[in-house]
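*Asks:* Next up, start.pdb (PDB, C-alpha atoms).
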ATOM      1  CA  VAL Q1450      49.014 108.260  89.231
ATOM      2  CA  LEU Q1451      51.833 110.316  87.719
ATOM      3  CA  GLY Q1452      49.721 113.475  87.721
ATOM      4  CA  ASP Q1453      48.710 113.015  91.343
ATOM      5  CA  TYR Q1454      52.335 112.470  92.352
ATOM      6  CA  ALA Q1455      53.515 115.602  90.572
ATOM      7  CA  ARG Q1456      50.702 117.809  91.883
ATOM      8  CA  SER Q1457      50.875 116.663  95.505
ATOM      9  CA  VAL Q1458      52.820 118.492  98.168
ATOM     10  CA  PRO Q1459      56.109 116.711  99.025
ATOM     11  CA  ASP Q1460      54.861 115.113 102.245
ATOM     12  CA  ALA Q1461      51.888 113.626 100.389
ATOM     13  CA  ARG Q1462      53.946 111.991  97.633
ATOM     14  CA  ASP Q1463      54.010 108.238  98.116
ATOM     15  CA  ALA Q1464      57.408 106.643  97.495
ATOM     16  CA  GLU Q1465      55.571 103.517  96.326
ATOM     17  CA  VAL Q1466      54.756 105.362  93.103
ATOM     18  CA  LEU Q1467      58.474 105.285  92.325
ATOM     19  CA  SER Q1468      58.577 101.569  93.187
ATOM     20  CA  LEU Q1469      55.602 100.933  90.911
ATOM     21  CA  PHE Q1470      57.276 102.456  87.891
ATOM     22  CA  THR Q1471      60.557 100.729  88.701
ATOM     23  CA  VAL Q1472      58.690  97.416  88.416
ATOM     24  CA  VAL Q1473      56.948  98.551  85.216
ATOM     25  CA  VAL Q1474      60.238  99.544  83.570
ATOM     26  CA  ALA Q1475      62.021  96.365  84.679
ATOM     27  CA  ARG Q1476      59.184  94.104  83.517
ATOM     28  CA  PHE Q1477      58.298  95.703  80.177
ATOM     29  CA  GLY Q1478      61.730  97.056  79.253
ATOM     30  CA  SER Q1479      62.119  98.750  75.884
ATOM     31  CA  SER Q1480      58.374  98.516  75.175
ATOM     32  CA  VAL Q1481      57.801 101.415  77.600
ATOM     33  CA  GLU Q1482      60.618 103.632  76.298
ATOM     34  CA  SER Q1483      58.066 106.028  74.811
ATOM     35  CA  GLU Q1484      56.631 106.577  78.282
ATOM     36  CA  ILE Q1485      59.923 107.419  80.015
ATOM     37  CA  ALA Q1486      59.653 111.115  79.159
ATOM     38  CA  ALA Q1487      56.268 111.302  80.895
ATOM     39  CA  ILE Q1488      57.604 109.427  83.909
ATOM     40  CA  PHE Q1489      60.562 111.804  84.114
ATOM     41  CA  ASP Q1490      58.338 114.868  83.773
ATOM     42  CA  SER Q1491      56.204 113.752  86.697
ATOM     43  CA  CYS Q1492      58.731 112.065  88.982
ATOM     44  CA  PHE Q1493      62.232 113.274  88.264
ATOM     45  CA  GLN Q1494      62.445 116.951  89.157
ATOM     46  CA  THR Q1495      59.671 116.787  91.734
ATOM     47  CA  THR Q1496      61.465 114.026  93.662
ATOM     48  CA  LEU Q1497      64.868 115.589  93.137
ATOM     49  CA  GLY Q1498      63.583 118.791  94.707
ATOM     50  CA  MET Q1499      62.602 116.800  97.784
ATOM     51  CA  ILE Q1500      65.860 114.910  98.309
ATOM     52  CA  THR Q1501      68.475 117.541  97.451
ATOM     53  CA  LYS Q1502      67.680 119.962 100.292
ATOM     54  CA  ASN Q1503      69.693 117.797 102.674
ATOM     55  CA  TYR Q1504      70.942 114.227 103.055
ATOM     56  CA  GLU Q1505      68.371 113.039 105.600
ATOM     57  CA  GLU Q1506      64.752 113.777 104.666
ATOM     58  CA  TYR Q1507      62.619 111.342 102.675
ATOM     59  CA  PRO Q1508      64.942 108.301 102.943
ATOM     60  CA  ASP Q1509      62.460 105.978 101.191
ATOM     61  CA  HIS Q1510      62.151 108.360  98.271
ATOM     62  CA  ARG Q1511      65.940 108.473  97.908
ATOM     63  CA  ILE Q1512      66.370 104.715  97.556
ATOM     64  CA  LYS Q1513      63.339 104.268  95.314
ATOM     65  CA  PHE Q1514      64.181 107.278  93.134
ATOM     66  CA  TYR Q1515      67.665 105.972  92.340
ATOM     67  CA  SER Q1516      66.325 102.441  91.899
ATOM     68  CA  LEU Q1517      63.964 103.828  89.257
ATOM     69  CA  LEU Q1518      66.806 105.632  87.496
ATOM     70  CA  ARG Q1519      68.872 102.461  87.506
ATOM     71  CA  ALA Q1520      65.991 100.487  85.985
ATOM     72  CA  VAL Q1521      65.619 103.082  83.225
ATOM     73  CA  VAL Q1522      69.348 103.017  82.438
ATOM     74  CA  LYS Q1523      69.390  99.212  82.410
ATOM     75  CA  HIS Q1524      66.201  98.524  80.470
ATOM     76  CA  CYS Q1525      65.410 101.705  78.515
ATOM     77  CA  PHE Q1526      68.773 103.213  77.656
ATOM     78  CA  ARG Q1527      67.550 104.603  74.331
ATOM     79  CA  ALA Q1528      65.242 106.841  76.341
ATOM     80  CA  ILE Q1529      68.298 108.214  78.154
ATOM     81  CA  CYS Q1530      69.930 108.895  74.792
ATOM     82  CA  ALA Q1531      66.848 110.877  73.781
ATOM     83  CA  LEU Q1532      67.200 113.307  76.698
ATOM     84  CA  THR Q1533      68.371 116.839  76.002
ATOM     85  CA  PRO Q1534      71.913 117.876  77.030
ATOM     86  CA  ASP Q1535      70.445 119.850  79.947
ATOM     87  CA  GLN Q1536      68.455 116.815  81.088
ATOM     88  CA  ILE Q1537      71.561 114.622  80.871
ATOM     89  CA  SER Q1538      73.425 117.166  82.996
ATOM     90  CA  LEU Q1539      70.634 117.087  85.570
ATOM     91  CA  LEU Q1540      70.761 113.293  85.566
ATOM     92  CA  ILE Q1541      74.514 113.327  86.194
ATOM     93  CA  ASP Q1542      74.134 115.918  88.966
ATOM     94  CA  SER Q1543      71.487 113.759  90.627
ATOM     95  CA  ILE Q1544      73.790 110.708  90.516
ATOM     96  CA  VAL Q1545      76.630 112.757  91.996
ATOM     97  CA  TRP Q1546      74.265 113.836  94.775
ATOM     98  CA  ALA Q1547      73.549 110.160  95.484
ATOM     99  CA  PHE Q1548      77.141 109.020  95.906
ATOM    100  CA  ARG Q1549      77.988 112.044  98.036
ATOM    101  CA  HIS Q1550      75.713 110.584 100.720
ATOM    102  CA  THR Q1551      77.443 109.068 103.717
ATOM    103  CA  GLU Q1552      74.422 106.775 104.098
ATOM    104  CA  ARG Q1553      75.877 103.616 102.613
ATOM    105  CA  ASN Q1554      72.827 102.291 100.735
ATOM    106  CA  VAL Q1555      72.195 105.529  98.858
ATOM    107  CA  ALA Q1556      75.876 106.116  98.049
ATOM    108  CA  GLU Q1557      76.344 102.560  96.789
ATOM    109  CA  LEU Q1558      73.199 102.793  94.675
ATOM    110  CA  GLY Q1559      74.463 106.024  93.122
ATOM    111  CA  LEU Q1560      77.891 104.539  92.349
ATOM    112  CA  SER Q1561      76.384 101.383  90.862
ATOM    113  CA  LEU Q1562      74.026 103.490  88.759
ATOM    114  CA  LEU Q1563      76.918 105.583  87.461
ATOM    115  CA  LEU Q1564      78.994 102.513  86.572
ATOM    116  CA  GLU Q1565      76.065 100.991  84.706
ATOM    117  CA  LEU Q1566      75.453 104.260  82.859
ATOM    118  CA  LEU Q1567      79.127 104.529  81.859
ATOM    119  CA  ASN Q1568      79.132 100.967  80.544
ATOM    120  CA  LYS Q1569      76.093 101.735  78.390
ATOM    121  CA  ILE Q1570      77.522 105.023  77.148
ATOM    122  CA  GLN Q1571      80.827 103.460  76.125
ATOM    123  CA  SER Q1572      79.198 101.625  73.225
ATOM    124  CA  SER Q1573      76.710 104.361  72.337
ATOM    125  CA  ALA Q1574      76.751 106.975  69.607
ATOM    126  CA  PHE Q1575      77.109 109.897  72.000
ATOM    127  CA  VAL Q1576      80.142 108.706  73.967
ATOM    128  CA  ASN Q1577      82.247 111.579  72.571
ATOM    129  CA  ALA Q1578      79.738 114.272  73.497
ATOM    130  CA  PHE Q1579      79.236 112.786  76.958
ATOM    131  CA  TYR Q1580      82.942 112.694  77.793
ATOM    132  CA  GLN Q1581      83.495 116.182  76.392
ATOM    133  CA  LYS Q1582      80.941 117.556  78.851
ATOM    134  CA  HIS Q1583      81.082 115.295  81.898
ATOM    135  CA  CYS Q1584      84.441 113.515  82.026
ATOM    136  CA  LEU Q1585      86.335 115.981  84.223
ATOM    137  CA  GLN Q1586      83.353 116.523  86.516
ATOM    138  CA  LEU Q1587      82.995 112.794  87.184
ATOM    139  CA  ILE Q1588      86.710 112.286  87.794
ATOM    140  CA  GLN Q1589      86.774 115.187  90.233
ATOM    141  CA  GLU Q1590      83.674 113.989  92.093
ATOM    142  CA  ILE Q1591      84.822 110.367  92.365
ATOM    143  CA  VAL Q1592      88.291 111.412  93.560
ATOM    144  CA  ALA Q1593      86.622 113.693  96.128
ATOM    145  CA  VAL Q1594      84.545 110.916  97.707
ATOM    146  CA  MET Q1595      87.294 108.311  97.387
ATOM    147  CA  THR Q1596      89.666 110.518  99.392
ATOM    148  CA  ASP Q1597      87.032 111.221 102.056
ATOM    149  CA  SER Q1598      87.380 108.694 104.887
ATOM    150  CA  PHE Q1599      83.599 108.739 105.450
ATOM    151  CA  HIS Q1600      83.243 107.030 102.059
ATOM    152  CA  LYS Q1601      85.612 104.099 102.626
ATOM    153  CA  PRO Q1602      82.827 101.513 102.078
ATOM    154  CA  GLY Q1603      82.528 102.678  98.473
ATOM    155  CA  PHE Q1604      86.189 102.085  97.618
ATOM    156  CA  LYS Q1605      85.514  99.011  95.453
ATOM    157  CA  LEU Q1606      83.123 100.965  93.224
ATOM    158  CA  HIS Q1607      85.345 104.067  93.204
ATOM    159  CA  VAL Q1608      88.108 101.881  91.773
ATOM    160  CA  LEU Q1609      85.864 100.343  89.111
ATOM    161  CA  ILE Q1610      84.529 103.724  87.992
ATOM    162  CA  LEU Q1611      87.936 105.400  87.759
ATOM    163  CA  GLN Q1612      89.388 102.383  85.978
ATOM    164  CA  HIS Q1613      86.545 102.543  83.472
ATOM    165  CA  LEU Q1614      86.918 106.290  82.919
ATOM    166  CA  PHE Q1615      90.677 106.117  82.398
ATOM    167  CA  SER Q1616      90.325 103.106  80.089
ATOM    168  CA  VAL Q1617      87.871 104.971  77.856
ATOM    169  CA  ILE Q1618      89.941 108.159  77.938
ATOM    170  CA  GLY Q1619      93.059 106.265  76.911
ATOM    171  CA  ASP Q1620      91.407 104.414  74.017
ATOM    172  CA  PRO Q1621      91.322 106.463  70.782
ATOM    173  CA  THR Q1622      89.064 103.853  69.191
ATOM    174  CA  VAL Q1623      86.339 104.732  71.721
ATOM    175  CA  LEU Q1624      86.867 108.481  72.078
ATOM    176  CA  THR Q1625      87.490 109.588  68.522
ATOM    177  CA  VAL Q1626      87.536 113.366  69.099
ATOM    178  CA  PRO Q1627      89.367 115.671  71.531
ATOM    179  CA  ILE Q1628      87.423 116.104  74.765
ATOM    180  CA  TRP Q1629      89.052 119.411  75.697
ATOM    181  CA  ASP Q1630      87.748 122.782  74.551
ATOM    182  CA  GLN Q1631      89.559 123.370  71.290
ATOM    183  CA  GLN Q1632      88.808 127.075  71.472
ATOM    184  CA  THR Q1633      91.385 127.388  74.231
ATOM    185  CA  THR Q1634      94.932 128.329  73.312
ATOM    186  CA  LYS Q1635      96.531 125.126  74.585
ATOM    187  CA  GLN Q1636      96.289 121.928  72.588
ATOM    188  CA  TYR Q1637      97.157 118.392  73.671
ATOM    189  CA  ALA Q1638      98.633 115.369  71.944
ATOM    190  CA  SER Q1639      95.845 113.132  73.241
ATOM    191  CA  ASN Q1640      92.842 112.974  75.551
ATOM    192  CA  GLU Q1641      95.012 111.024  77.969
ATOM    193  CA  GLN Q1642      97.549 113.853  78.182
ATOM    194  CA  PHE Q1643      94.762 116.391  78.714
ATOM    195  CA  VAL Q1644      93.163 114.435  81.567
ATOM    196  CA  GLN Q1645      96.519 113.636  83.165
ATOM    197  CA  GLU Q1646      97.380 117.323  83.311
ATOM    198  CA  HIS Q1647      94.006 118.164  84.823
ATOM    199  CA  LEU Q1648      94.267 115.344  87.361
ATOM    200  CA  LEU Q1649      97.777 116.387  88.370
ATOM    201  CA  GLY Q1650      96.535 119.910  89.044
ATOM    202  CA  LEU Q1651      93.607 118.523  91.053
ATOM    203  CA  LEU Q1652      95.827 116.356  93.256
ATOM    204  CA  SER Q1653      98.424 119.089  93.748
ATOM    205  CA  THR Q1654      95.736 121.509  94.920
ATOM    206  CA  SER Q1655      93.780 119.049  97.057
ATOM    207  CA  PHE Q1656      96.757 117.311  98.714
ATOM    208  CA  PRO Q1657      99.507 119.847  99.391
ATOM    209  CA  ASN Q1658     101.262 117.323 101.666
ATOM    210  CA  LEU Q1659     102.172 115.314  98.555
ATOM    211  CA  SER Q1660     105.199 116.447  96.587
ATOM    212  CA  GLN Q1661     104.936 117.148  92.876
ATOM    213  CA  ILE Q1662     106.895 113.949  92.211
ATOM    214  CA  GLN Q1663     104.480 111.917  94.338
ATOM    215  CA  SER Q1664     101.428 113.426  92.633
ATOM    216  CA  GLN Q1665     102.920 112.794  89.201
ATOM    217  CA  ALA Q1666     103.637 109.170  90.115
ATOM    218  CA  VAL Q1667     100.030 108.725  91.285
ATOM    219  CA  VAL Q1668      98.621 110.122  88.033
ATOM    220  CA  THR Q1669     101.011 108.165  85.816
ATOM    221  CA  GLY Q1670     100.191 104.954  87.664
ATOM    222  CA  MET Q1671      96.450 105.502  87.282
ATOM    223  CA  PHE Q1672      96.830 105.355  83.511
ATOM    224  CA  ASP Q1673      99.678 102.858  83.219
ATOM    225  CA  LEU Q1674      97.879 100.315  85.421
ATOM    226  CA  ARG Q1675      94.346 100.825  84.133
ATOM    227  CA  LYS Q1676      94.271  97.463  82.312
ATOM    228  CA  ASP Q1677      95.222  95.481  85.435
ATOM    229  CA  HIS Q1678      92.423  95.706  87.997
ATOM    230  CA  GLY Q1679      94.407  94.318  90.939
ATOM    231  CA  ALA Q1680      97.419  96.552  90.327
ATOM    232  CA  PHE Q1681      95.186  99.572  89.705
ATOM    233  CA  LYS Q1682      93.312  99.016  92.979
ATOM    234  CA  ASN Q1683      96.530  98.585  94.951
ATOM    235  CA  HIS Q1684      97.908 101.754  93.396
ATOM    236  CA  LEU Q1685      94.873 103.794  94.477
ATOM    237  CA  ARG Q1686      95.014 102.283  97.956
ATOM    238  CA  ASP Q1687      98.693 103.180  98.256
ATOM    239  CA  PHE Q1688      97.819 106.720  97.199
ATOM    240  CA  LEU Q1689      95.105 107.014  99.840
ATOM    241  CA  VAL Q1690      97.322 105.950 102.728
ATOM    242  CA  GLN Q1691      99.757 108.703 101.735
ATOM    243  CA  THR Q1692      97.091 111.362 102.305
ATOM    244  CA  LYS Q1693      96.574 112.977 105.708
ATOM    245  CA  GLU Q1694      92.919 111.885 105.740
ATOM    246  CA  PHE Q1695      93.864 108.192 105.724
ATOM    247  CA  SER Q1696      97.381 108.111 107.164
ATOM    248  CA  THR Q1697      96.243 107.940 110.803
ATOM    249  CA  SER Q1698      92.924 106.100 110.434
ATOM    250  CA  ASP Q1699      91.828 102.466 110.424
ATOM    251  CA  ASN Q1700      91.828 101.504 106.747
ATOM    252  CA  ALA Q1701      90.454  97.975 107.092
ATOM    253  CA  GLU Q1702      87.493  98.860 104.855
ATOM    254  CA  LEU Q1703      89.885  99.522 101.985
ATOM    255  CA  TYR Q1704      90.762  95.818 102.146
ATOM    256  CA  ALA Q1705      87.177  94.606 102.630
ATOM    257  CA  GLU Q1706      87.019  92.872  99.252
ATOM    258  CA  GLU Q1707      90.221  90.907  99.880
ATOM    259  CA  THR Q1708      89.143  90.045 103.440
ATOM    260  CA  SER Q1709      85.795  88.735 102.188
ATOM    261  CA  SER Q1710      87.485  86.646  99.491
ATOM    262  CA  GLN Q1711      89.924  85.199 102.019
ATOM    263  CA  ARG Q1712      87.078  84.232 104.361
ATOM    264  CA  GLN Q1713      85.217  82.580 101.496
ATOM    265  CA  ARG Q1714      88.289  80.589 100.466
ATOM    266  CA  GLU Q1715      88.831  79.454 104.043
ATOM    267  CA  LYS Q1716      85.178  78.422 104.332
ATOM    268  CA  GLU Q1717      85.411  76.425 101.093
ATOM    269  CA  ARG Q1718      88.594  74.754 102.340
ATOM    270  CA  LEU Q1719      86.921  73.704 105.590
ATOM    271  CA  ASP Q1720      83.769  72.578 103.765
ATOM    272  CA  ALA Q1721      85.907  70.176 101.735
ATOM    273  CA  ILE Q1722      87.262  68.473 104.889
ATOM    274  CA  PRO Q1723      84.773  65.972 106.411
ATOM    275  CA  GLY Q1724      83.888  66.805 109.977
ATOM    276  CA  MET Q1725      85.495  70.256 109.984
ATOM    277  CA  VAL Q1726      82.209  72.184 109.779
ATOM    278  CA  LYS Q1727      79.901  72.272 112.792
ATOM    279  CA  PRO Q1728      76.269  71.228 112.128
ATOM    280  CA  SER Q1729      75.124  74.574 113.559
ATOM    281  CA  ASP Q1730      77.245  76.405 110.962
ATOM    282  CA  ILE Q1731      75.677  74.359 108.154
ATOM    283  CA  GLN Q1732      72.200  75.218 109.432
ATOM    284  CA  GLN Q1733      73.129  78.897 109.655
ATOM    285  CA  ASP Q1734      74.417  78.871 106.057
ATOM    286  CA  ASP Q1735      71.182  77.230 104.892
ATOM    287  CA  MET Q1736      69.151  79.921 106.640
ATOM    288  CA  ASN Q1737      71.272  82.675 105.044
ATOM    289  CA  GLU Q1738      70.646  81.184 101.607
TER     290      GLU Q1738
END
Just dump the structure as structure tokens.
*Replies:*
Amino acid sequence: VLGDYARSVPDARDAEVLSLFTVVVARFGSSVESEIAAIFDSCFQTTLGMITKNYEEYPDHRIKFYSLLRAVVKHCFRAICALTPDQISLLIDSIVWAFRHTERNVAELGLSLLLELLNKIQSSAFVNAFYQKHCLQLIQEIVAVMTDSFHKPGFKLHVLILQHLFSVIGDPTVLTVPIWDQQTTKQYASNEQFVQEHLLGLLSTSFPNLSQIQSQAVVTGMFDLRKDHGAFKNHLRDFLVQTKEFSTSDNAELYAEETSSQRQREKERLDAIPGMVKPSDIQQDDMNE
């Protein structure tokens, strides 16, 4: 099956092959780790070549390709650790390509995949090497989509990913080596100082409407508030509404999580009051479940 998929022309490749191996990986887990290299050789670059020409063609392959990657990260992480540095870079580039999509399902799948990968990497032996090579790239890419109004639906995951990155960067018990290039002339007191300086330069360049003081306050807050999820999220939201991209637009989607929680609390309150819920609403809830 793998050989046929790899040898076929793109239009003849069946996306169900990707679904098949997603099920295999999820069901058999670490027992198929030795086969992941063969699956990658046959499916990874061939599929990636199909879906990176634009954001529209082969929609089924996109969803099923990233679902397969997520299954591998979740169930066969040691196989990810066995990849070469170049293969890891290609994996990261493919995830970035996913969350750049404005198609919500693909973007959300890419963001969820990245968050799961970062959680696995945090407790792995190659966390230092990973952050040395990919930390700045991921921060830059997540900030880019977060500050693009077309990607408002992904705000919840943008927050979680940045909070995770900054938490790891600021913890010397996790990152035990400098992540900057020590061959450069400038040295830093900590990884946190290095990333803060880079992030300040990124914001100053990308958002010239913000003053240096405003940009510095944004960066400082990102690190100072990283241990408090609610405060961190509010800080990023406040930053977004200061930018030109968001200042004149409807930002209701930035509050989607809070709105959903409020609706759920109100529903639970009404459910607790006899006679307050219509029979038709109860039936509808049963159907949704």
*Asks:* For range 1598-1622 of chain Q against range 1658-1672 of chain Q, with a cut-off of 10 Å and counting all atoms listed in the file, what is the closest atom pair and its distance in Å to one decimal for every residue that makes the cut, ordered by chain and number, as a tab-separated table?
*Replies:*
residue	atom	partner	partner_atom	distance
Q:Leu1611	CA	Q:Met1671	CA	8.5
Q:Gln1612	CA	Q:Met1671	CA	7.8
Q:Leu1614	CA	Q:Phe1672	CA	10.0
Q:Phe1615	CA	Q:Phe1672	CA	6.3
Q:Ser1616	CA	Q:Phe1672	CA	7.7
Q:Ile1618	CA	Q:Phe1672	CA	9.3
Q:Gly1619	CA	Q:Phe1672	CA	7.7
*Asks:* Quick one: pull the distance between CA of Asp1509 in chain Q and CA of Leu1609 in chain Q, Å, one decimal.
*Replies:*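 Going from CA of Asp1509 in chain Q over to CA of Leu1609 in chain Q covers 26.9 Å.
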*Asks:* Could you write out as lines of an AutoDock Vina configuration file the box around range 1615-1626 of chain Q (axis-aligned, all atoms listed in the file, 5 Å on each side), with centre and edge lengths in Å to one decimal?
*Replies:*
center_x = 89.7
center_y = 108.2
center_z = 75.5
size_x = 16.7
size_y = 20.3
size_z = 23.9
*Asks:* Go ahead and compute the interatomic distance for CA of Leu1497 in chain Q and CA of Leu1467 in chain Q, in Å to one decimal.
*Replies:*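 Here the two named atoms are 12.2 Å from each other.
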*Asks:* Evaluate the PyMOL selection byres ((chain Q and resi 1643-1651) around 8) and record the selected residues as a list in words, following the chain and residue labels used in the document.
*Replies:*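 Written out, the selection comes to Leu1585, Gln1589, Ile1618, Trp1629, Tyr1637, Ala1638, Ser1639, Asn1640, Glu1641, Gln1642, Leu1652, Ser1653, Thr1654, Ser1655, Ser1664, Gln1665, Val1668 and Thr1669 of chain Q.
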